[in-house]
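File shown: work12.txt. Contents: compact mmCIF, C-alpha atoms.
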```txt
# COMPACT_ATOMS: atom_id res chain seq x y z
CA MET A 1 0.00 0.00 0.00
CA LEU A 2 1.24 3.49 -0.83
CA LEU A 3 1.06 6.05 1.93
CA ILE A 4 1.41 9.79 2.34
CA ILE A 5 3.43 10.40 5.47
CA ALA A 6 3.36 13.87 7.02
CA SER A 7 3.65 13.71 10.80
CA CYS A 8 6.75 11.54 10.99
CA PHE A 9 9.15 13.20 8.56
CA GLN A 10 9.50 16.78 9.76
CA GLU A 11 13.26 16.35 10.10
CA PHE A 12 13.50 14.87 6.61
CA ALA A 13 11.65 17.90 5.23
CA ALA A 14 13.95 20.30 7.05
CA LEU A 15 17.01 18.46 5.75
CA LEU A 16 15.92 18.95 2.15
CA ARG A 17 14.72 22.52 2.82
CA PHE A 18 11.29 21.61 1.44
CA PRO A 19 8.26 23.29 3.01
CA LEU A 20 6.40 20.48 4.72
CA THR A 21 3.19 21.39 2.95
CA CYS A 22 4.85 20.75 -0.40
CA LEU A 23 6.06 17.24 0.29
CA VAL A 24 4.37 14.04 -0.75
CA PHE A 25 6.20 11.08 0.66
CA GLU A 26 5.25 7.48 0.13
CA LEU A 27 6.76 4.19 1.12
CA PRO A 28 8.72 2.86 -0.58
CA PHE A 29 8.40 5.21 -3.52
CA SER A 30 6.79 8.45 -4.31
CA TRP A 31 3.26 9.09 -5.50
CA GLN A 32 0.54 8.05 -7.81
CA MET A 33 -1.60 10.56 -9.64
CA LEU A 34 -4.99 10.31 -11.24
CA GLN A 35 -5.71 12.17 -14.43
CA GLY A 36 -9.14 12.56 -15.91
CA GLU A 37 -12.30 14.52 -16.26
CA TYR A 38 -15.35 14.49 -14.09
CA SER A 39 -18.94 15.44 -14.64
CA VAL A 40 -20.18 18.58 -12.92
CA SER A 41 -23.47 16.80 -12.42
CA ALA A 42 -21.75 14.08 -10.42
CA PRO A 43 -18.40 15.42 -9.18
CA HIS A 44 -18.41 13.40 -5.97
CA SER A 45 -18.28 10.13 -7.90
CA PHE A 46 -15.07 11.22 -9.60
CA PHE A 47 -13.27 12.05 -6.37
CA GLU A 48 -14.59 8.93 -4.66
CA SER A 49 -13.20 6.86 -7.54
CA ALA A 50 -9.75 8.33 -6.95
CA GLY A 51 -9.15 5.70 -4.27
CA ASP A 52 -5.55 5.50 -3.11
CA VAL A 53 -4.13 8.01 -5.57
CA HIS A 54 -2.50 10.94 -3.85
CA MET A 55 -2.80 13.77 -6.32
CA ILE A 56 -5.27 14.73 -9.04
CA GLU A 57 -4.14 16.61 -12.12
CA ALA A 58 -6.26 19.23 -13.83
CA ASP A 59 -5.55 20.87 -17.19
CA VAL A 60 -6.54 24.53 -16.99
CA LEU A 61 -7.17 27.13 -19.67
CA LEU A 62 -9.47 30.08 -20.18
CA ARG A 63 -12.79 29.48 -21.88
CA GLY A 64 -12.20 30.41 -25.50
CA GLY A 65 -8.65 29.06 -25.60
CA LYS A 66 -5.50 31.09 -26.08
CA GLY A 67 -6.40 34.74 -25.85
CA GLY A 68 -9.72 33.86 -24.29
CA ASN A 69 -11.16 36.02 -21.57
CA GLY A 70 -13.66 33.62 -20.04
CA ASP A 71 -13.60 31.68 -16.79
CA PRO A 72 -10.80 29.22 -16.05
CA ILE A 73 -12.06 25.82 -17.13
CA MET A 74 -10.88 22.23 -17.07
CA ALA A 75 -10.02 21.32 -20.65
CA HIS A 76 -7.15 20.03 -22.72
CA PRO A 77 -6.25 21.60 -26.07
CA PRO A 78 -7.58 21.51 -28.74
CA GLU A 79 -10.74 21.78 -26.64
CA THR A 80 -11.51 25.39 -25.68
CA ASP A 81 -14.79 25.00 -23.80
CA SER A 82 -16.07 22.87 -20.95
CA ASP A 83 -18.85 22.74 -18.38
CA ASN A 84 -16.19 21.97 -15.79
CA THR A 85 -14.98 25.23 -14.26
CA LEU A 86 -11.94 25.45 -12.05
CA GLN A 87 -14.00 27.24 -9.40
CA GLU A 88 -16.45 24.32 -9.08
CA TRP A 89 -13.62 21.79 -9.17
CA LEU A 90 -11.79 23.52 -6.33
CA LYS A 91 -14.98 23.54 -4.26
CA GLU A 92 -14.99 19.76 -4.49
CA ILE A 93 -11.28 19.18 -4.00
CA VAL A 94 -11.23 20.94 -0.62
CA ASN A 95 -13.48 18.18 0.70
CA THR A 96 -10.96 15.47 -0.16
CA ASP A 97 -7.55 14.45 1.10
CA LYS A 98 -6.00 14.67 -2.38
CA GLY A 99 -3.19 16.91 -3.47
CA ILE A 100 -3.62 18.79 -6.72
CA LYS A 101 -1.51 19.56 -9.74
CA LEU A 102 -2.74 22.42 -11.90
CA ASP A 103 -1.37 22.12 -15.43
CA PHE A 104 -1.56 25.45 -17.25
CA LYS A 105 -1.80 25.51 -21.03
CA SER A 106 -1.72 29.29 -21.43
CA LEU A 107 -0.25 32.28 -19.61
CA GLU A 108 -3.61 34.07 -19.67
CA ALA A 109 -5.20 31.42 -17.45
CA ILE A 110 -2.69 31.64 -14.61
CA ARG A 111 -3.61 34.78 -12.66
CA PRO A 112 -7.41 34.27 -12.62
CA SER A 113 -6.85 30.63 -11.64
CA LEU A 114 -4.45 31.46 -8.82
CA GLU A 115 -6.92 34.02 -7.50
CA LEU A 116 -9.47 31.21 -7.20
CA LEU A 117 -6.89 28.96 -5.59
CA GLU A 118 -5.98 31.67 -3.09
CA HIS A 119 -9.59 31.77 -1.88
CA VAL A 120 -9.52 28.08 -0.90
CA LYS A 121 -5.87 27.56 0.06
CA GLN A 122 -6.55 27.58 3.80
CA HIS A 123 -8.86 24.59 3.30
CA LEU A 124 -6.44 22.48 1.28
CA ARG A 125 -5.02 19.58 3.28
CA ARG A 126 -2.50 18.29 0.76
CA PRO A 127 0.23 19.68 -1.53
CA VAL A 128 -0.38 21.93 -4.50
CA TRP A 129 1.84 21.74 -7.56
CA ILE A 130 1.72 24.30 -10.36
CA ASN A 131 2.79 23.01 -13.77
CA ALA A 132 3.60 24.41 -17.19
CA ASP A 133 5.74 23.34 -20.13
CA ILE A 134 8.15 26.25 -20.39
CA LEU A 135 10.72 24.88 -22.86
CA PRO A 136 10.64 22.84 -26.07
CA GLY A 137 11.90 19.31 -25.53
CA PRO A 138 12.46 16.13 -27.56
CA ASN A 139 10.18 16.16 -30.62
CA GLY A 140 8.27 18.95 -28.88
CA SER A 141 6.58 22.02 -30.24
CA ASN A 142 7.55 25.62 -29.59
CA ALA A 143 4.10 26.27 -28.11
CA VAL A 144 5.39 26.76 -24.59
CA VAL A 145 4.17 28.90 -21.70
CA ASP A 146 6.45 31.90 -21.27
CA ALA A 147 8.81 30.98 -18.45
CA LYS A 148 9.29 34.43 -16.93
CA GLY A 149 5.62 35.32 -17.08
CA PHE A 150 4.66 31.98 -15.54
CA LEU A 151 7.19 32.13 -12.70
CA ASP A 152 6.48 35.79 -11.91
CA ALA A 153 2.74 35.11 -11.68
CA VAL A 154 3.00 31.94 -9.60
CA THR A 155 5.57 33.22 -7.13
CA SER A 156 3.64 36.47 -6.60
CA PHE A 157 0.69 34.43 -5.29
CA PHE A 158 2.43 31.37 -3.80
CA PRO A 159 6.15 31.94 -3.18
CA THR A 160 6.72 28.51 -1.61
CA VAL A 161 4.54 26.31 -3.83
CA THR A 162 6.10 23.37 -5.65
CA LEU A 163 6.80 24.27 -9.27
CA SER A 164 6.46 21.60 -11.92
CA LEU A 165 8.49 22.82 -14.90
CA GLY A 166 8.49 20.75 -18.03
CA TRP A 167 9.34 20.51 -21.70
CA THR A 168 6.97 20.01 -24.61
CA THR A 169 7.64 16.55 -26.02
CA GLY A 170 6.55 14.18 -28.75
CA TRP A 171 6.96 10.47 -29.28
CA HIS A 172 6.87 8.52 -32.53
CA PRO A 173 6.45 4.72 -32.55
CA ASP A 174 8.04 4.25 -35.98
CA LYS A 175 11.41 5.88 -35.36
CA HIS A 176 14.16 6.30 -32.80
CA ASN A 177 13.21 9.00 -30.31
CA LYS A 178 16.01 11.15 -28.96
CA GLY A 179 15.95 12.07 -25.30
CA TYR A 180 16.50 15.27 -23.35
CA ASP A 181 19.78 16.71 -24.60
CA TRP A 182 22.37 18.84 -22.82
CA MET A 183 21.08 22.10 -24.20
CA MET A 184 17.59 21.33 -22.89
CA VAL A 185 18.65 20.47 -19.34
CA LYS A 186 21.18 23.30 -19.07
CA GLU A 187 18.61 25.85 -20.20
CA MET A 188 16.21 24.50 -17.57
CA ALA A 189 18.93 24.64 -14.91
CA GLN A 190 19.64 28.27 -15.78
CA ILE A 191 15.97 29.17 -15.38
CA CYS A 192 15.73 27.40 -12.03
CA ASN A 193 19.00 28.46 -10.41
CA THR A 194 17.49 31.64 -8.92
CA LEU A 195 14.40 29.89 -7.52
CA SER A 196 14.13 28.98 -3.86
CA GLN A 197 11.13 26.65 -3.85
CA PRO A 198 10.94 22.94 -4.68
CA VAL A 199 10.96 22.12 -8.38
CA THR A 200 9.90 18.86 -10.00
CA PHE A 201 10.69 18.17 -13.64
CA PRO A 202 8.06 16.14 -15.52
CA VAL A 203 9.90 13.73 -17.83
CA ARG A 204 8.40 11.33 -20.32
CA ALA A 205 9.15 7.74 -19.36
CA ALA A 206 9.81 6.63 -22.94
CA LEU A 207 12.52 9.31 -23.26
CA VAL A 208 14.33 9.01 -19.92
CA ARG A 209 16.50 5.96 -20.54
CA GLN A 210 18.37 7.75 -23.34
CA SER A 211 18.73 10.85 -21.14
CA ILE A 212 20.15 9.42 -17.92
CA SER A 213 23.41 11.42 -17.93
CA GLN A 214 21.67 14.71 -18.65
CA LEU A 215 18.91 14.25 -16.09
CA ARG A 216 21.28 13.02 -13.39
CA TRP A 217 23.35 16.16 -13.93
CA LEU A 218 20.22 18.30 -13.64
CA MET A 219 19.22 16.62 -10.39
CA GLN A 220 22.70 17.22 -8.97
CA GLN A 221 22.29 20.98 -9.32
CA SER A 222 20.04 21.23 -6.23
CA ASP A 223 18.55 19.02 -3.55
CA ARG A 224 15.30 20.93 -4.14
CA TYR A 225 14.86 19.15 -7.48
CA SER A 226 12.93 15.99 -8.24
CA LEU A 227 11.60 14.11 -11.28
CA THR A 228 8.02 13.23 -12.10
CA VAL A 229 7.97 10.32 -14.54
CA TRP A 230 4.86 10.44 -16.75
CA THR A 231 3.63 8.47 -19.73
CA GLY A 232 1.64 9.16 -22.87
CA LYS A 233 -1.29 6.91 -23.68
CA GLU A 234 0.31 5.62 -26.88
CA ASP A 235 3.91 5.45 -25.66
CA LEU A 236 5.75 2.16 -25.83
CA TYR A 237 7.90 1.54 -22.77
CA SER A 238 8.50 -1.39 -20.46
CA VAL A 239 8.57 -2.06 -16.76
CA GLU A 240 12.29 -2.62 -17.27
CA ASP A 241 12.55 1.01 -18.37
CA LEU A 242 10.87 2.10 -15.14
CA LEU A 243 13.14 -0.11 -13.07
CA TYR A 244 16.16 1.35 -14.87
CA ILE A 245 15.01 4.85 -13.91
CA ARG A 246 14.50 3.72 -10.31
CA GLU A 247 18.00 2.27 -10.16
CA ASN A 248 19.68 5.41 -11.51
CA PHE A 249 18.08 8.09 -9.35
CA ASP A 250 17.53 8.71 -5.66
CA LYS A 251 14.22 6.91 -5.02
CA SER A 252 13.04 9.61 -2.63
CA ARG A 253 13.24 12.20 -5.41
CA VAL A 254 11.28 10.43 -8.14
CA TYR A 255 7.49 10.57 -8.53
CA TYR A 256 5.41 8.40 -10.84
CA ASP A 257 2.41 9.26 -12.98
CA ILE A 258 2.07 6.09 -15.03
CA LEU A 259 -0.82 4.27 -16.62
CA GLU A 260 -2.03 0.71 -16.43
CA PRO A 261 -0.98 -2.00 -16.90
CA GLN A 262 2.58 -0.76 -16.30
CA ASN A 263 1.60 0.87 -13.00
CA SER A 264 0.51 -2.43 -11.43
CA GLU A 265 3.38 -4.35 -13.03
CA PHE A 266 5.90 -1.82 -11.73
CA LYS A 267 4.56 -1.92 -8.18
CA LYS A 268 4.62 -5.73 -8.27
CA ALA A 269 8.22 -5.70 -9.53
CA ILE A 270 9.40 -3.58 -6.59
CA GLY A 271 7.28 -5.41 -4.01
CA VAL A 272 4.51 -2.86 -3.56
CA GLU A 273 0.93 -4.09 -3.77
```

Could you render the structure as structure tokens?
Amino acid sequence: MLLIIASCFQEFAALLRFPLTCLVFELPFSWQMLQGEYSVSAPHSFFESAGDVHMIEADVLLRGGKGGNGDPIMAHPPETDSDNTLQEWLKEIVNTDKGIKLDFKSLEAIRPSLELLEHVKQHLRRPVWINADILPGPNGSNAVVDAKGFLDAVTSFFPTVTLSLGWTTGWHPDKHNKGYDWMMVKEMAQICNTLSQPVTFPVRAALVRQSISQLRWLMQQSDRYSLTVWTGKEDLYSVEDLLYIRENFDKSRVYYDILEPQNSEFKKAIGVE
């Protein structure tokens, strides 16, 4: 069973200089996240179905898409409209014990969304992560969220929140996919070297094995850094790839956002049921 431990690792948190409210710690390895949509007409059923997952991810943009001036909604491009508003979603999340990861697809959505989050932050019982793809990565597009604008906005509202800073990526089943190269990780390190809060780097599982040297170097730049290993629905990768990642990084600094059946196979391989 995976657990979130808060009361018994205060010293561990202090050692890593992480704010306690930003840590998710599981035994023997990090966290499991649920992605998905829920119906406004039956939101409770979605959160009840979350089960033992520890964090729920929400893609956020303004109604109308890029340049839109509507309410923050839960939608993933190319969708630009949804009945699921961030305001209603946050009303439900405060009644759960789940952490949240807000994944921003546009700079315009950030400030109005953080204003909503600020209104409920005293009721949140678990960590909040704020995510955006701020750099182009392997096979990725240049459609990134402006790094300076994103960081300025987030830190003005929540100066100690965990930042999740990623690269746009792509994956092609019919060719060799290059990993995160030195230019990519060094540019990310330069952006992050003036930050003081925890930073997790979302990395695509199918691209990590060919990027071990680069990502290990990035992790060595600060003990505030961690990795979040995620997977695309169509990606081809094996449990052996996940085990290779686990063997090459500090286990306490790697988080997992992986799909079935690899999720269950991975937990079985490392003795976690």

Where does stretch 197-256 of chain A meet stretch 147-163 of chain A within 8 Å, residue by residue, with the nearest atom pair and distance in Å to one decimal for each, counting all atoms listed in the file, listed by chain and rising number, as JSON lines?
```
{"residue": "A:Gln197", "atom": "CA", "partner": "A:Thr160", "partner_atom": "CA", "distance": 5.3}
{"residue": "A:Pro198", "atom": "CA", "partner": "A:Thr162", "partner_atom": "CA", "distance": 5.0}
{"residue": "A:Val199", "atom": "CA", "partner": "A:Leu163", "partner_atom": "CA", "distance": 4.8}
{"residue": "A:Thr200", "atom": "CA", "partner": "A:Leu163", "partner_atom": "CA", "distance": 6.3}
```

Using 4 Å of padding on each side, determine the axis-aligned box around all atoms of stretch 254-270 of chain A present in the file and give its centre and edge lengths in Å to one decimal, as JSON.
```
{"center_x": 4.6, "center_y": 2.4, "center_z": -11.7, "size_x": 21.3, "size_y": 24.3, "size_z": 18.3}
```

Task: Atom pair atom CA of A:Asn139 / atom CA of A:Trp167: separation (Å) - done: 10.0 Å

Between stretch 93-144 of chain A and stretch 174-180 of chain A, at 12 Å or less, what are the per-residue closest atom pairs and their distances in Å? Count only C-alpha atoms, order by chain and rising residue number, and return it as JSON lines.
```
{"residue": "A:Leu135", "atom": "CA", "partner": "A:Tyr180", "partner_atom": "CA", "distance": 11.2}
{"residue": "A:Pro136", "atom": "CA", "partner": "A:Tyr180", "partner_atom": "CA", "distance": 10.0}
{"residue": "A:Gly137", "atom": "CA", "partner": "A:Tyr180", "partner_atom": "CA", "distance": 6.5}
{"residue": "A:Pro138", "atom": "CA", "partner": "A:Gly179", "partner_atom": "CA", "distance": 5.8}
{"residue": "A:Asn139", "atom": "CA", "partner": "A:Asn177", "partner_atom": "CA", "distance": 7.8}
{"residue": "A:Gly140", "atom": "CA", "partner": "A:Tyr180", "partner_atom": "CA", "distance": 10.6}
```

Open item on the list: Let me make sure I understand: among A:Asp59, A:Glu115, A:Glu234, A:Asp133, which one has the smallest atom-to-atom distance to A:Asn84 if we use all atoms listed in the file?
Closed with: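 Ranked by minimum distance to A:Asn84, first place goes to A:Asp59.
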
Open item on the list: Using Å and a single decimal, report how far atom CA of A:Phe104 sits from atom CA of A:Lys121.
Closed with: 18.0 Å

Open item on the list: Using all atoms listed in the file, which protein or nucleic acid residues come within 9 Å of A:Leu116? Drop anything in the same chain fewer than 6 positions from it, and give the result as a list in words.
Closed with: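 Residues meeting the cut-off are Leu86, Gln87 and Leu90 of chain A.
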